[in-house]
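K.L.:
So that you have it, the file is protein-v7.txt, and it contains compact mmCIF, C-alpha atoms:
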# COMPACT_ATOMS: atom_id res chain seq x y z
CA MET E 28 0.00 0.00 0.00
CA THR E 29 1.35 3.40 -1.03
CA SER E 30 1.82 5.78 1.89
CA THR E 31 0.08 9.13 1.72
CA LYS E 32 1.42 12.52 2.78
CA ALA E 33 -0.62 12.18 5.99
CA ASP E 34 0.96 8.76 6.62
CA ARG E 35 4.45 10.18 6.24
CA VAL E 36 3.77 13.14 8.53
CA ARG E 37 2.21 10.86 11.14
CA GLU E 38 5.19 8.49 11.06
CA ALA E 39 7.65 11.38 11.39
CA VAL E 40 5.80 12.95 14.33
CA LEU E 41 5.37 9.53 15.98
CA ALA E 42 9.12 8.88 15.63
CA ASP E 43 9.87 12.23 17.29
CA ILE E 44 7.49 11.40 20.16
CA MET E 45 8.95 7.92 20.66
CA SER E 46 12.54 9.18 20.58
CA GLY E 47 11.82 11.94 23.09
CA ALA E 48 12.59 14.69 20.56
CA LEU E 49 9.04 15.85 21.24
CA THR E 50 8.69 15.77 25.01
CA PRO E 51 5.41 15.35 26.95
CA GLY E 52 3.45 18.60 26.85
CA SER E 53 5.10 19.83 23.64
CA PRO E 54 2.62 21.77 21.46
CA LEU E 55 2.27 20.83 17.80
CA ASP E 56 1.70 23.60 15.27
CA GLU E 57 0.08 22.73 11.93
CA VAL E 58 1.83 25.55 10.07
CA VAL E 59 5.28 24.64 11.37
CA LEU E 60 4.79 20.93 10.60
CA ALA E 61 3.52 21.72 7.11
CA GLN E 62 6.66 23.75 6.44
CA GLN E 63 8.94 21.09 7.91
CA HIS E 64 7.47 18.34 5.74
CA SER E 65 6.80 20.45 2.62
CA VAL E 66 3.10 19.67 2.55
CA SER E 67 -0.14 21.62 2.95
CA ARG E 68 -1.93 21.82 6.28
CA THR E 69 -4.55 19.24 5.19
CA PRO E 70 -2.33 16.11 5.52
CA VAL E 71 -0.81 17.56 8.70
CA ARG E 72 -4.29 17.99 10.17
CA GLU E 73 -5.15 14.39 9.23
CA ALA E 74 -1.91 13.05 10.73
CA LEU E 75 -2.50 14.90 14.00
CA ARG E 76 -6.12 13.74 14.12
CA ARG E 77 -4.97 10.13 13.87
CA LEU E 78 -2.31 10.59 16.54
CA GLN E 79 -4.94 12.13 18.80
CA SER E 80 -7.25 9.19 18.09
CA ASP E 81 -4.37 6.86 19.09
CA GLY E 82 -4.21 8.69 22.41
CA LEU E 83 -0.75 10.16 21.84
CA LEU E 84 -1.93 13.78 21.61
CA GLU E 85 -4.34 15.65 23.84
CA THR E 86 -6.04 19.04 23.64
CA GLY E 87 -4.47 21.71 25.86
CA ALA E 88 -6.01 24.71 27.60
CA ARG E 89 -5.66 26.87 24.47
CA ARG E 90 -7.03 24.10 22.25
CA GLN E 91 -3.51 23.30 21.07
CA LEU E 92 -2.63 19.69 20.51
CA LEU E 93 0.01 18.56 23.00
CA VAL E 94 2.10 15.41 23.30
CA VAL E 95 0.45 13.31 25.98
CA ASP E 96 2.19 13.09 29.36
CA VAL E 97 2.31 9.48 30.59
CA SER E 98 1.75 9.98 34.32
CA VAL E 99 2.37 7.44 37.07
CA GLU E 100 -1.35 6.68 37.12
CA HIS E 101 -1.37 6.22 33.34
CA ARG E 102 1.55 3.81 33.55
CA ARG E 103 -0.31 1.77 36.16
CA GLU E 104 -3.33 1.63 33.87
CA ILE E 105 -1.18 0.45 30.96
CA THR E 106 0.39 -2.23 33.15
CA THR E 107 -3.04 -3.42 34.28
CA LEU E 108 -4.22 -3.65 30.68
CA ARG E 109 -1.10 -5.53 29.58
CA VAL E 110 -1.46 -8.07 32.38
CA ALA E 111 -5.12 -8.62 31.50
CA LEU E 112 -4.62 -8.86 27.73
CA GLU E 113 -1.38 -10.85 27.64
CA GLY E 114 -2.63 -13.07 30.45
CA ALA E 115 -5.85 -13.78 28.56
CA ALA E 116 -3.78 -15.16 25.68
CA THR E 117 -1.75 -17.67 27.70
CA GLU E 118 -4.19 -20.59 27.75
CA ALA E 119 -4.87 -20.46 24.01
CA ALA E 120 -1.18 -19.88 23.30
CA CYS E 121 -0.20 -23.00 25.23
CA GLU E 122 -2.85 -25.00 23.38
CA LEU E 123 -2.26 -23.67 19.87
CA ARG E 124 1.43 -22.77 19.73
CA ASP E 125 3.47 -24.62 17.12
CA GLU E 126 7.15 -25.03 16.34
CA ASP E 127 7.18 -21.89 14.19
CA ASP E 128 6.01 -19.85 17.20
CA LEU E 129 8.75 -21.30 19.38
CA ASP E 130 11.39 -20.78 16.69
CA ARG E 131 10.31 -17.14 16.31
CA LEU E 132 10.58 -16.59 20.07
CA GLU E 133 13.97 -18.32 20.28
CA LEU E 134 15.28 -16.08 17.51
CA LEU E 135 14.02 -13.00 19.34
CA LEU E 136 15.75 -14.21 22.51
CA LEU E 137 19.01 -14.58 20.60
CA LYS E 138 18.68 -11.07 19.15
CA GLN E 139 17.80 -9.66 22.58
CA ARG E 140 20.85 -11.22 24.19
CA ARG E 141 23.08 -9.81 21.45
CA ALA E 142 21.56 -6.35 21.88
CA ALA E 143 21.99 -6.58 25.66
CA ASP E 144 25.62 -7.69 25.38
CA ALA E 145 26.28 -4.77 23.03
CA GLY E 146 24.47 -2.31 25.30
CA GLU E 147 22.06 -1.38 22.51
CA ALA E 148 19.09 -0.31 24.63
CA GLU E 149 16.92 1.09 21.83
CA THR E 150 17.26 -2.12 19.79
CA PHE E 151 16.61 -4.22 22.88
CA LEU E 152 13.40 -2.38 23.77
CA ARG E 153 12.10 -2.77 20.21
CA LEU E 154 12.83 -6.50 20.41
CA ASP E 155 11.18 -6.64 23.84
CA GLU E 156 7.96 -5.33 22.31
CA GLU E 157 8.24 -7.82 19.43
CA PHE E 158 8.76 -10.63 21.94
CA HIS E 159 5.59 -9.88 23.89
CA LEU E 160 3.56 -9.53 20.70
CA ALA E 161 4.94 -12.87 19.47
CA MET E 162 4.03 -14.56 22.76
CA ALA E 163 0.45 -13.30 22.50
CA GLY E 164 0.38 -14.04 18.77
CA ALA E 165 0.70 -17.76 19.49
CA ALA E 166 -2.87 -17.60 20.82
CA ARG E 167 -4.23 -16.80 17.32
CA MET E 168 -6.36 -13.97 18.73
CA PRO E 169 -6.02 -11.12 16.19
CA THR E 170 -8.20 -8.61 18.02
CA LEU E 171 -6.22 -9.05 21.22
CA SER E 172 -2.94 -8.76 19.31
CA ARG E 173 -4.15 -5.57 17.66
CA MET E 174 -5.06 -4.07 21.03
CA LEU E 175 -1.61 -4.94 22.40
CA GLY E 176 -0.01 -3.32 19.38
CA GLN E 177 -1.92 -0.12 20.11
CA LEU E 178 -0.68 -0.20 23.71
CA GLY E 179 2.90 -0.49 22.52
CA ALA E 180 3.34 3.24 21.92
CA PHE E 181 2.26 4.01 25.48
CA VAL E 182 4.63 1.38 26.87
CA ARG E 183 7.50 3.03 24.97
CA LEU E 184 6.46 6.49 26.10
CA GLY E 185 6.40 5.33 29.69
CA ARG E 186 9.98 4.11 29.39
CA LEU E 187 11.40 7.38 28.11
CA GLY E 188 14.10 8.67 30.42
CA GLU E 189 14.45 5.39 32.29
CA PRO E 190 17.95 3.86 32.38
CA THR E 191 18.26 0.56 30.53
CA THR E 192 21.53 -0.99 31.67
CA LYS E 193 23.16 -4.11 30.32
CA THR E 194 22.48 -5.88 33.63
CA HIS E 195 18.79 -4.95 33.44
CA MET E 196 18.50 -6.14 29.85
CA LEU E 197 20.17 -9.48 30.59
CA GLY E 198 17.82 -9.95 33.53
CA LEU E 199 14.85 -9.43 31.23
CA VAL E 200 16.27 -11.97 28.78
CA ARG E 201 16.43 -14.58 31.57
CA GLU E 202 12.80 -13.88 32.41
CA HIS E 203 11.83 -14.16 28.74
CA GLU E 204 13.64 -17.50 28.53
CA GLU E 205 11.52 -18.78 31.42
CA LEU E 206 8.34 -17.60 29.69
CA VAL E 207 9.28 -19.45 26.50
CA SER E 208 10.08 -22.57 28.51
CA LEU E 209 6.63 -22.50 30.12
CA LEU E 210 4.99 -21.95 26.72
CA HIS E 211 7.01 -24.86 25.32
CA SER E 212 5.82 -27.17 28.12
CA ARG E 213 2.24 -25.82 27.82
CA LYS E 214 2.02 -24.85 31.50
CA SER E 215 -0.62 -22.17 31.00
CA SER E 216 -1.40 -21.44 34.66
CA ARG E 217 2.25 -20.92 35.59
CA LEU E 218 2.83 -18.98 32.39
CA ARG E 219 0.02 -16.55 33.23
CA THR E 220 1.31 -16.00 36.79
CA THR E 221 4.95 -15.63 35.74
CA LEU E 222 4.02 -13.29 32.89
CA ALA E 223 2.02 -11.05 35.22
CA THR E 224 4.94 -10.82 37.64
CA HIS E 225 7.30 -10.02 34.75
CA ILE E 226 5.08 -7.19 33.47
CA GLU E 227 4.33 -5.73 36.90
CA GLN E 228 7.95 -5.71 38.09
CA THR E 229 9.22 -2.15 37.72
CA GLN E 230 12.48 -2.47 39.64
CA PRO E 231 15.75 -2.72 37.66
CA ARG E 232 16.86 -6.32 37.16
CA THR E 233 20.13 -7.32 38.76
Write the structure described by the file as structure tokens, please.

P.N.:
Amino acid sequence: MTSTKADRVREAVLADIMSGALTPGSPLDEVVLAQQHSVSRTPVREALRRLQSDGLLETGARRQLLVVDVSVEHRREITTLRVALEGAATEAACELRDEDDLDRLELLLLKQRRAADAGEAETFLRLDEEFHLAMAGAARMPTLSRMLGQLGAFVRLGRLGEPTTKTHMLGLVREHEELVSLLHSRKSSRLRTTLATHIEQTQPRT
């Protein structure tokens, strides 16, 4: 599918939000964005409307669109939703997973360990999101997977500014290895409990 001007503006603004170049509370100006991307205000307006619909922009006091601020309360809400959604997929995942699912997860584990060893935090966090989506994907529940994909941007926003050390990343890899082992052995009850603990744990891994 050919991307439109609105698609390209949306992707560029989203990348700036995810990288922290646009910080929480930053106002977005249609005229400035149109000039930056050499387009009219119409595709800019459409791009911003879609980002607002995704929950990444909010209307400020002067009716300006602002980058959403992921508060402590918002992070808790996101965690609660992740536990519920990813947990709901565990029973079906254990029943329906096949060798291709396990191979995909093992490859992601290998890539994560390499990224951790190299101290490549940005790559690791992208792979972390792919890993959780792949775990849920084994359940063959497309609506649930789509909802998790939509949550992904908020998860990344909530991590902005947090240190991601090599020790922390390697600790997460060990936890991911345990999750894959439980999926492999089809232990759905333990998988759901272990997954919830993994998602809810906010302390740095040691």

K.L.:
Go through segment 62-106 of chain E and flag each residue having an atom no more than 12 Å from segment 175-185 of chain E; for those, report the closest pair of atoms plus their distance in Å to one decimal, using only C-alpha atoms, ordered by chain and rising number, as a tab-separated table.

P.N.:
residue	atom	partner	partner_atom	distance
E:Leu78	CA	E:Ala180	CA	10.7
E:Ser80	CA	E:Gln177	CA	10.9
E:Asp81	CA	E:Gln177	CA	7.5
E:Gly82	CA	E:Phe181	CA	8.6
E:Leu83	CA	E:Phe181	CA	7.8
E:Leu84	CA	E:Phe181	CA	11.3
E:Val94	CA	E:Leu184	CA	10.3
E:Val95	CA	E:Leu184	CA	9.1
E:Asp96	CA	E:Leu184	CA	8.5
E:Val97	CA	E:Gly185	CA	5.9
E:Ser98	CA	E:Gly185	CA	8.0
E:Val99	CA	E:Gly185	CA	8.7
E:Glu100	CA	E:Gly185	CA	10.8
E:His101	CA	E:Gly185	CA	8.6
E:Arg102	CA	E:Gly185	CA	6.4
E:Arg103	CA	E:Gly185	CA	10.0
E:Glu104	CA	E:Phe181	CA	10.4
E:Ile105	CA	E:Val182	CA	7.2
E:Thr106	CA	E:Val182	CA	8.4

K.L.:
Can you tell me which residues surround Arg124 of chain E at a distance of at most 9 Å, considering only C-alpha atoms, apart from same-chain residues fewer than 5 positions away, and format the answer as a PyMOL selection string?

P.N.:
chain E and resi 119+129+164-167+210-211+213

K.L.:
Record the distance separating atom CA of Thr194 of chain E and atom CA of Asp144 of chain E, expressed in Å with one decimal.

P.N.:
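Straight-line distance from atom CA of Thr194 of chain E to atom CA of Asp144 of chain E works out to 9.0 Å.
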
K.L.:
Counting all atoms listed in the file, which residues have an atom no more than 8 Å from (4.7, 16.5, 4.2) in the file's coordinates? Please list them as an MDAnalysis selection string.

P.N.:
chainID E and resid 32:33 35:36 60:67 70:71

K.L.:
Could you tell me how far atom CA of Ala148 of chain E lies from atom CA of Met196 of chain E, in Å and to one decimal?

P.N.:
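Answer for the atom CA of Ala148 of chain E to atom CA of Met196 of chain E separation: 7.8 Å.
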